[in-house]
Amino acid sequence: MERTDILHQPPAYSLRSVTRAFLGREGTAVRALDGVTFDSPAEAITCIVGPTGSGKSTVLRILSGLDRPDGGSASVAGKDPAAMTGRIGYLTQQHTLLPWMRVRQNVGLPLEIKHVPAGEAAAQVAAICAKLGLTGAEDLYPHELSGGMQQRAALGRLLASEARSWLMDEPFTALDERTRHQLQGLLIGLVRERRLSVLFVTHAIDEAVALADRIVVLSAGPGRVVGTVDIALPHPRNRLSPEYGQLMERIRTSIESVL
Amino acid sequence: MNGANGDSAGGSRPTAPWTDRLIGRVVLGSLLPLVVLSLWWLGIRSGTAVIPHFGEVLQVLLHPFETPADLYSRSLAFSLLMTLLRLAVGFGLAVATAVPLGLWAAKSRTVEHILYPMVQVSRPINPVVLLPIVTVFFGLSSVASIVAGPVEAWRWDVWDQVQIAMVFILWWGAFFPIFMSTVHGVRSVRTAYIESLRLLGASDRQMLTKVVLPHALPSIAHGMRLAMGVSWLVLIAAEIFPGTRSGIGYMLCTACKTSDYQYTFAAMIVIGITGLGIDVLFQRMERRAGHWQAAAR
């Protein structure tokens with residue numbers, strides 16, 4: 001499928017000259033973001049890549065509404081992120097499953113919070129678990145699952161939330177390569193099927209090229225946008241094709257030029 | 001998960017030294033009790049009047065509902081029941097106050113600043129030290145006298161045995177460990193969990209029931225176990241102190257004073273075993289509350 005059409009829709013995520021600084025150890029301000037501006041297409045995957053300390057996670061925290069920019073503006077689907085509670089899915093290595101709840105309860109948590117009747121919620125959870133390959137694991141606790149299954153359950157919770165704006169911070173980094181590729185495929189399928197708008201932070205160039213419709217490259221801290229690359233290759237992408245290799249090289253050069 | 005399995009598998013492997021196998025552990029574990037029983041037997045042989053025969057003590061233990069002849073006219077079972085009732089009231093009151101106050105203090109800095117200095121000053125005060133003055137202050141008035149009035153209270157036989165003075169020092173002993181562990185448990189909740197729920201649009205109440213309480217529960221349970229250990233010691237000491245007419249501690253003390261050493265020993269054994277049983281119970285509760293913890297870290 002040709003994705004360029006989608007790139008002309010109004011942006012799902014928009015940052016305009018966003019700056020953000022944190023208090024450093026010696027009491028001095030450490031700038032994390034220095035005037036970051038980019039748009040992220042709706043119903044597509046945008047990957048943010050950049051070296052450690054480029055403020056990638058800060059971008060996601062601001063767009064989730066958990067953090068505010070010092071200057072500039074950020075919006076999700078044209079609205080203030082703080083007004084989007086319950087409509088933004090947020091998945092990081094920390095923001096995952098609650099360890100004292102079974103998979104079933106974790107996946108169904110958004111429904112419980114919205115007071116969806118128990119029977120209806122159970123049916124939805126069962127459908128989501130079946131879809132994500134979690135059938136049979138519903139009654140296990142997170143620590144009883146493999147890393148891949150944990151992330152599947154975390155994706156299940158995002159699906160149950162019915163949020164269509166997903167902010168994902170290196171969700172697959174800790175997984176082995178095979179599992180990572182499986183979950184990348186799963187994510188691409190979900191984005192198309194549910195018309196999700198995903199902003200995906202990763203430091204792995206390969207992962208960005210495999211997933212993204214647009215790649216935003218941030219510089220080393222303080223983060224600035226040093227390049228934007230739109231990718232029109234259809235999914236699933238052949239990792240061995242020459243175009244793929246050229247894109248990898250292009251992104252790598254772009255990152256290394258600003259290190 | 002793997003660690004726990006690995007350990008238990010290692011213990012039961014046939015190549016393990018005999019001291020690590022079940023039979024070895026039973027043999028080694030029985031050594032000291034056998035020494036104690038031998039000393040008991042030797043004590044009787046040497047004609048010490050204080051130490052009764054094992055069989056006589058066993059007779060008392062086997063007939064817990066029998067009321068001994070004079071002075072203390074309460075059976076072993078009734079005495080233990082009174083003790084447990086006091087424990088339940090005092091400890092229950094401590095839980096019912098310490099957990100909500102702990103949650104509140106963990107949430108609000110103002111409340112914390114009001115409570116903490118008082119808590120830090122009061123915490124090290126041994127509750128037994130307070131007992132004489134508390135007994136003078138409350139006299140023999142019981143929980144029943146609050147409900148029924150001092151004159152009518154004696155009609156409430158059982159509840160009249162739950163003296164306010166004892167409830168107070170039990171509360172004192174149990175409150176601080178539970179309060180401190182509740183504050184600690186709530187404070188250690190990972191912000192990521194809170195943020196996740198906030199992004200899902202959870203209410204304050206849902207935040208409390210879905211994240212804060214479940215996360216703090218292992219810590220609260222640990223505090224409760226510590227508090228129960230303190231409570232048991234304090235209560236037995238309080239029952240030995242003048243100002244009561246029942247309880248297993250009272251039986252112990254009275255039997256000893258009247259040279260009824262069978263009952264003295266029986267009460268000692270009941271106190272030991274009950275204390276052990278309560279601790280095992282709370283240990284299980286603690287493990288249950290934190291079942292997700294060991295592996296999640």
# chains A, B, ... in the order shown; residues from 1 in each chain; ligands from 1

call {"tool": "residues_around", "arguments": {"residues": "segment 247-257 of chain B", "least_positions_apart": "3", "cutoff": "9 Å", "atoms": "only C-alpha atoms", "output": "MDAnalysis selection string"}}
result
chainID B and resid 71:72 74:84 86 161 235:242 244 260:268 270:271

call {"tool": "write_last_selection", "arguments": {"atoms": "C-alpha atoms", "output": "PDB file, in the first residue's frame"}}
result
ATOM      1  CA  LEU B  71      -8.580 -18.712  93.265  1.00  0.00           C
ATOM      2  CA  TYR B  72      -8.694 -18.152  89.551  1.00  0.00           C
ATOM      3  CA  ARG B  74     -11.174 -19.777  84.840  1.00  0.00           C
ATOM      4  CA  SER B  75     -10.387 -22.610  82.457  1.00  0.00           C
ATOM      5  CA  LEU B  76      -7.341 -22.644  80.214  1.00  0.00           C
ATOM      6  CA  ALA B  77      -9.517 -22.183  77.118  1.00  0.00           C
ATOM      7  CA  PHE B  78     -11.417 -19.257  78.609  1.00  0.00           C
ATOM      8  CA  SER B  79      -8.162 -17.606  79.657  1.00  0.00           C
ATOM      9  CA  LEU B  80      -6.732 -17.929  76.165  1.00  0.00           C
ATOM     10  CA  LEU B  81      -9.983 -16.661  74.643  1.00  0.00           C
ATOM     11  CA  MET B  82      -9.874 -13.546  76.854  1.00  0.00           C
ATOM     12  CA  THR B  83      -6.296 -12.874  75.816  1.00  0.00           C
ATOM     13  CA  LEU B  84      -7.097 -13.280  72.133  1.00  0.00           C
ATOM     14  CA  ARG B  86      -8.099  -8.248  73.997  1.00  0.00           C
ATOM     15  CA  GLN B 161     -12.657  -8.449  80.718  1.00  0.00           C
ATOM     16  CA  LEU B 235      -0.270  -8.149  76.310  1.00  0.00           C
ATOM     17  CA  ILE B 236       1.142 -11.093  78.264  1.00  0.00           C
ATOM     18  CA  ALA B 237       3.176  -8.653  80.371  1.00  0.00           C
ATOM     19  CA  ALA B 238       0.068  -6.534  80.926  1.00  0.00           C
ATOM     20  CA  GLU B 239      -1.942  -9.526  82.056  1.00  0.00           C
ATOM     21  CA  ILE B 240       0.702 -10.406  84.616  1.00  0.00           C
ATOM     22  CA  PHE B 241       0.430  -6.870  85.975  1.00  0.00           C
ATOM     23  CA  PRO B 242      -2.236  -6.335  88.692  1.00  0.00           C
ATOM     24  CA  THR B 244      -7.035  -7.987  85.671  1.00  0.00           C
ATOM     25  CA  ASP B 260       0.267 -24.561  91.035  1.00  0.00           C
ATOM     26  CA  TYR B 261       3.150 -25.417  88.763  1.00  0.00           C
ATOM     27  CA  GLN B 262       1.196 -27.694  86.426  1.00  0.00           C
ATOM     28  CA  TYR B 263      -0.923 -24.737  85.405  1.00  0.00           C
ATOM     29  CA  THR B 264       2.112 -22.467  85.323  1.00  0.00           C
ATOM     30  CA  PHE B 265       3.833 -24.738  82.832  1.00  0.00           C
ATOM     31  CA  ALA B 266       0.669 -25.331  80.842  1.00  0.00           C
ATOM     32  CA  ALA B 267       0.121 -21.577  80.502  1.00  0.00           C
ATOM     33  CA  MET B 268       3.739 -21.083  79.446  1.00  0.00           C
ATOM     34  CA  VAL B 270       0.090 -22.262  75.505  1.00  0.00           C
ATOM     35  CA  ILE B 271       1.614 -18.770  75.365  1.00  0.00           C
TER      36      ILE B 271
END

call {"tool": "interface_residues", "arguments": {"of": "chain A", "to": "chain B", "cutoff": "12 Å", "atoms": "only C-alpha atoms", "output": "PyMOL selection string"}}
result
chain A and resi 61+63-67+81-102+105-106+108-115+140-145+150+154+157-163+165-167

call {"tool": "closest_residue", "arguments": {"among": "B:Ser122, B:Thr19, B:Ser142, B:Thr209", "to": "Trp159 of chain B", "atoms": "only C-alpha atoms"}}
result
B:Ser142

call {"tool": "atom_distance", "arguments": {"atom1": "atom CA of Ala105 of chain B", "atom2": "atom CA of Phe176 of chain B"}}
result
12.9 Å

call {"tool": "atom_distance", "arguments": {"atom1": "atom CA of Val111 of chain B", "atom2": "atom CA of Val89 of chain B"}}
result
26.3 Å

call {"tool": "closest_residue", "arguments": {"among": "B:Val35, B:Asp20, B:Arg109, B:Asp160", "to": "Ser145 of chain B", "atoms": "only C-alpha atoms"}}
result
B:Asp160

call {"tool": "closest_residue", "arguments": {"among": "A:Gly72, A:Pro117, A:Gly156, A:Gly147", "to": "Leu134 of chain A", "atoms": "only C-alpha atoms"}}
result
A:Gly156

call {"tool": "atom_distance", "arguments": {"atom1": "atom CA of Leu199 of chain A", "atom2": "atom CA of Ala74 of chain A"}}
result
13.5 Å

call {"tool": "decode", "arguments": {"residues": "segment 103-146 of chain B", "atoms": "N, CA and C atoms", "output": "PDB file, in the first residue's frame"}}
result
ATOM      1  N   LEU B 103      -1.802   6.511  55.319  1.00  0.00           N
ATOM      2  CA  LEU B 103      -2.126   6.889  53.941  1.00  0.00           C
ATOM      3  C   LEU B 103      -2.214   8.409  53.825  1.00  0.00           C
ATOM      4  N   TRP B 104      -2.833   8.993  54.825  1.00  0.00           N
ATOM      5  CA  TRP B 104      -3.029  10.452  54.816  1.00  0.00           C
ATOM      6  C   TRP B 104      -1.686  11.173  54.928  1.00  0.00           C
ATOM      7  N   ALA B 105      -0.855  10.687  55.882  1.00  0.00           N
ATOM      8  CA  ALA B 105       0.449  11.330  56.104  1.00  0.00           C
ATOM      9  C   ALA B 105       1.355  11.164  54.886  1.00  0.00           C
ATOM     10  N   ALA B 106       1.199  10.025  54.185  1.00  0.00           N
ATOM     11  CA  ALA B 106       2.036   9.808  53.009  1.00  0.00           C
ATOM     12  C   ALA B 106       1.621  10.729  51.871  1.00  0.00           C
ATOM     13  N   LYS B 107       0.362  11.110  51.865  1.00  0.00           N
ATOM     14  CA  LYS B 107      -0.161  11.914  50.764  1.00  0.00           C
ATOM     15  C   LYS B 107       0.045  13.403  51.011  1.00  0.00           C
ATOM     16  N   SER B 108      -0.117  13.821  52.272  1.00  0.00           N
ATOM     17  CA  SER B 108      -0.071  15.255  52.564  1.00  0.00           C
ATOM     18  C   SER B 108       1.133  15.599  53.421  1.00  0.00           C
ATOM     19  N   ARG B 109       1.970  16.509  52.913  1.00  0.00           N
ATOM     20  CA  ARG B 109       3.143  16.956  53.673  1.00  0.00           C
ATOM     21  C   ARG B 109       2.720  17.642  54.965  1.00  0.00           C
ATOM     22  N   THR B 110       1.618  18.386  54.921  1.00  0.00           N
ATOM     23  CA  THR B 110       1.144  19.091  56.110  1.00  0.00           C
ATOM     24  C   THR B 110       0.827  18.094  57.216  1.00  0.00           C
ATOM     25  N   VAL B 111       0.056  17.063  56.867  1.00  0.00           N
ATOM     26  CA  VAL B 111      -0.297  16.049  57.855  1.00  0.00           C
ATOM     27  C   VAL B 111       0.964  15.371  58.372  1.00  0.00           C
ATOM     28  N   GLU B 112       1.894  15.103  57.457  1.00  0.00           N
ATOM     29  CA  GLU B 112       3.144  14.464  57.862  1.00  0.00           C
ATOM     30  C   GLU B 112       3.877  15.333  58.886  1.00  0.00           C
ATOM     31  N   HIS B 113       3.953  16.648  58.589  1.00  0.00           N
ATOM     32  CA  HIS B 113       4.681  17.542  59.494  1.00  0.00           C
ATOM     33  C   HIS B 113       3.989  17.666  60.849  1.00  0.00           C
ATOM     34  N   ILE B 114       2.677  17.500  60.870  1.00  0.00           N
ATOM     35  CA  ILE B 114       1.963  17.545  62.151  1.00  0.00           C
ATOM     36  C   ILE B 114       2.215  16.254  62.940  1.00  0.00           C
ATOM     37  N   LEU B 115       2.142  15.116  62.245  1.00  0.00           N
ATOM     38  CA  LEU B 115       2.200  13.832  62.938  1.00  0.00           C
ATOM     39  C   LEU B 115       3.621  13.383  63.307  1.00  0.00           C
ATOM     40  N   TYR B 116       4.581  13.637  62.395  1.00  0.00           N
ATOM     41  CA  TYR B 116       5.877  13.005  62.556  1.00  0.00           C
ATOM     42  C   TYR B 116       6.603  13.295  63.869  1.00  0.00           C
ATOM     43  N   PRO B 117       6.702  14.575  64.282  1.00  0.00           N
ATOM     44  CA  PRO B 117       7.428  14.820  65.532  1.00  0.00           C
ATOM     45  C   PRO B 117       6.844  14.036  66.703  1.00  0.00           C
ATOM     46  N   MET B 118       5.520  14.041  66.812  1.00  0.00           N
ATOM     47  CA  MET B 118       4.846  13.310  67.885  1.00  0.00           C
ATOM     48  C   MET B 118       5.134  11.815  67.777  1.00  0.00           C
ATOM     49  N   VAL B 119       5.053  11.301  66.551  1.00  0.00           N
ATOM     50  CA  VAL B 119       5.301   9.880  66.336  1.00  0.00           C
ATOM     51  C   VAL B 119       6.734   9.528  66.726  1.00  0.00           C
ATOM     52  N   GLN B 120       7.690  10.359  66.329  1.00  0.00           N
ATOM     53  CA  GLN B 120       9.090  10.041  66.592  1.00  0.00           C
ATOM     54  C   GLN B 120       9.403  10.082  68.083  1.00  0.00           C
ATOM     55  N   VAL B 121       8.741  10.966  68.811  1.00  0.00           N
ATOM     56  CA  VAL B 121       8.966  11.056  70.248  1.00  0.00           C
ATOM     57  C   VAL B 121       8.299   9.879  70.967  1.00  0.00           C
ATOM     58  N   SER B 122       7.098   9.527  70.518  1.00  0.00           N
ATOM     59  CA  SER B 122       6.314   8.500  71.215  1.00  0.00           C
ATOM     60  C   SER B 122       6.774   7.077  70.896  1.00  0.00           C
ATOM     61  N   ARG B 123       7.274   6.897  69.670  1.00  0.00           N
ATOM     62  CA  ARG B 123       7.566   5.550  69.176  1.00  0.00           C
ATOM     63  C   ARG B 123       8.476   4.744  70.090  1.00  0.00           C
ATOM     64  N   PRO B 124       9.572   5.340  70.602  1.00  0.00           N
ATOM     65  CA  PRO B 124      10.474   4.502  71.405  1.00  0.00           C
ATOM     66  C   PRO B 124       9.960   4.189  72.812  1.00  0.00           C
ATOM     67  N   ILE B 125       8.851   4.794  73.219  1.00  0.00           N
ATOM     68  CA  ILE B 125       8.356   4.549  74.577  1.00  0.00           C
ATOM     69  C   ILE B 125       7.770   3.147  74.667  1.00  0.00           C
ATOM     70  N   ASN B 126       8.380   2.324  75.469  1.00  0.00           N
ATOM     71  CA  ASN B 126       7.922   0.955  75.675  1.00  0.00           C
ATOM     72  C   ASN B 126       6.514   0.980  76.264  1.00  0.00           C
ATOM     73  N   PRO B 127       5.550   0.342  75.615  1.00  0.00           N
ATOM     74  CA  PRO B 127       4.176   0.402  76.118  1.00  0.00           C
ATOM     75  C   PRO B 127       4.023  -0.158  77.530  1.00  0.00           C
ATOM     76  N   VAL B 128       4.874  -1.126  77.889  1.00  0.00           N
ATOM     77  CA  VAL B 128       4.770  -1.715  79.231  1.00  0.00           C
ATOM     78  C   VAL B 128       5.068  -0.654  80.292  1.00  0.00           C
ATOM     79  N   VAL B 129       5.973   0.264  79.956  1.00  0.00           N
ATOM     80  CA  VAL B 129       6.319   1.354  80.870  1.00  0.00           C
ATOM     81  C   VAL B 129       5.086   2.208  81.186  1.00  0.00           C
ATOM     82  N   LEU B 130       4.214   2.327  80.207  1.00  0.00           N
ATOM     83  CA  LEU B 130       3.019   3.154  80.381  1.00  0.00           C
ATOM     84  C   LEU B 130       1.947   2.468  81.211  1.00  0.00           C
ATOM     85  N   LEU B 131       2.077   1.142  81.315  1.00  0.00           N
ATOM     86  CA  LEU B 131       0.980   0.365  81.893  1.00  0.00           C
ATOM     87  C   LEU B 131       0.549   0.821  83.285  1.00  0.00           C
ATOM     88  N   PRO B 132       1.485   1.016  84.235  1.00  0.00           N
ATOM     89  CA  PRO B 132       1.019   1.412  85.578  1.00  0.00           C
ATOM     90  C   PRO B 132       0.175   2.676  85.545  1.00  0.00           C
ATOM     91  N   ILE B 133       0.672   3.702  84.884  1.00  0.00           N
ATOM     92  CA  ILE B 133      -0.043   4.972  84.917  1.00  0.00           C
ATOM     93  C   ILE B 133      -1.356   4.870  84.142  1.00  0.00           C
ATOM     94  N   VAL B 134      -1.342   4.110  83.069  1.00  0.00           N
ATOM     95  CA  VAL B 134      -2.564   3.942  82.280  1.00  0.00           C
ATOM     96  C   VAL B 134      -3.604   3.189  83.101  1.00  0.00           C
ATOM     97  N   THR B 135      -3.136   2.204  83.869  1.00  0.00           N
ATOM     98  CA  THR B 135      -4.054   1.439  84.713  1.00  0.00           C
ATOM     99  C   THR B 135      -4.652   2.335  85.803  1.00  0.00           C
ATOM    100  N   VAL B 136      -3.819   3.195  86.383  1.00  0.00           N
ATOM    101  CA  VAL B 136      -4.331   4.140  87.378  1.00  0.00           C
ATOM    102  C   VAL B 136      -5.373   5.058  86.742  1.00  0.00           C
ATOM    103  N   PHE B 137      -5.068   5.484  85.547  1.00  0.00           N
ATOM    104  CA  PHE B 137      -5.935   6.437  84.865  1.00  0.00           C
ATOM    105  C   PHE B 137      -7.290   5.821  84.495  1.00  0.00           C
ATOM    106  N   PHE B 138      -7.259   4.669  83.876  1.00  0.00           N
ATOM    107  CA  PHE B 138      -8.508   4.057  83.421  1.00  0.00           C
ATOM    108  C   PHE B 138      -9.120   3.135  84.473  1.00  0.00           C
ATOM    109  N   GLY B 139      -8.352   2.808  85.517  1.00  0.00           N
ATOM    110  CA  GLY B 139      -8.842   1.866  86.509  1.00  0.00           C
ATOM    111  C   GLY B 139      -9.109   0.526  85.856  1.00  0.00           C
ATOM    112  N   LEU B 140     -10.164  -0.137  86.314  1.00  0.00           N
ATOM    113  CA  LEU B 140     -10.494  -1.436  85.739  1.00  0.00           C
ATOM    114  C   LEU B 140     -11.590  -1.312  84.686  1.00  0.00           C
ATOM    115  N   SER B 141     -11.909  -0.076  84.308  1.00  0.00           N
ATOM    116  CA  SER B 141     -13.039   0.084  83.380  1.00  0.00           C
ATOM    117  C   SER B 141     -12.719  -0.608  82.058  1.00  0.00           C
ATOM    118  N   SER B 142     -13.769  -1.202  81.510  1.00  0.00           N
ATOM    119  CA  SER B 142     -13.601  -2.058  80.345  1.00  0.00           C
ATOM    120  C   SER B 142     -14.299  -1.445  79.140  1.00  0.00           C
ATOM    121  N   VAL B 143     -14.072  -2.094  78.015  1.00  0.00           N
ATOM    122  CA  VAL B 143     -14.750  -1.691  76.788  1.00  0.00           C
ATOM    123  C   VAL B 143     -16.262  -1.748  76.995  1.00  0.00           C
ATOM    124  N   ALA B 144     -16.707  -2.755  77.763  1.00  0.00           N
ATOM    125  CA  ALA B 144     -18.144  -2.894  78.011  1.00  0.00           C
ATOM    126  C   ALA B 144     -18.705  -1.695  78.766  1.00  0.00           C
ATOM    127  N   SER B 145     -17.884  -1.092  79.640  1.00  0.00           N
ATOM    128  CA  SER B 145     -18.393   0.019  80.445  1.00  0.00           C
ATOM    129  C   SER B 145     -18.647   1.260  79.600  1.00  0.00           C
ATOM    130  N   ILE B 146     -18.010   1.327  78.443  1.00  0.00           N
ATOM    131  CA  ILE B 146     -18.286   2.444  77.535  1.00  0.00           C
ATOM    132  C   ILE B 146     -19.692   2.289  76.972  1.00  0.00           C
TER     133      ILE B 146
END
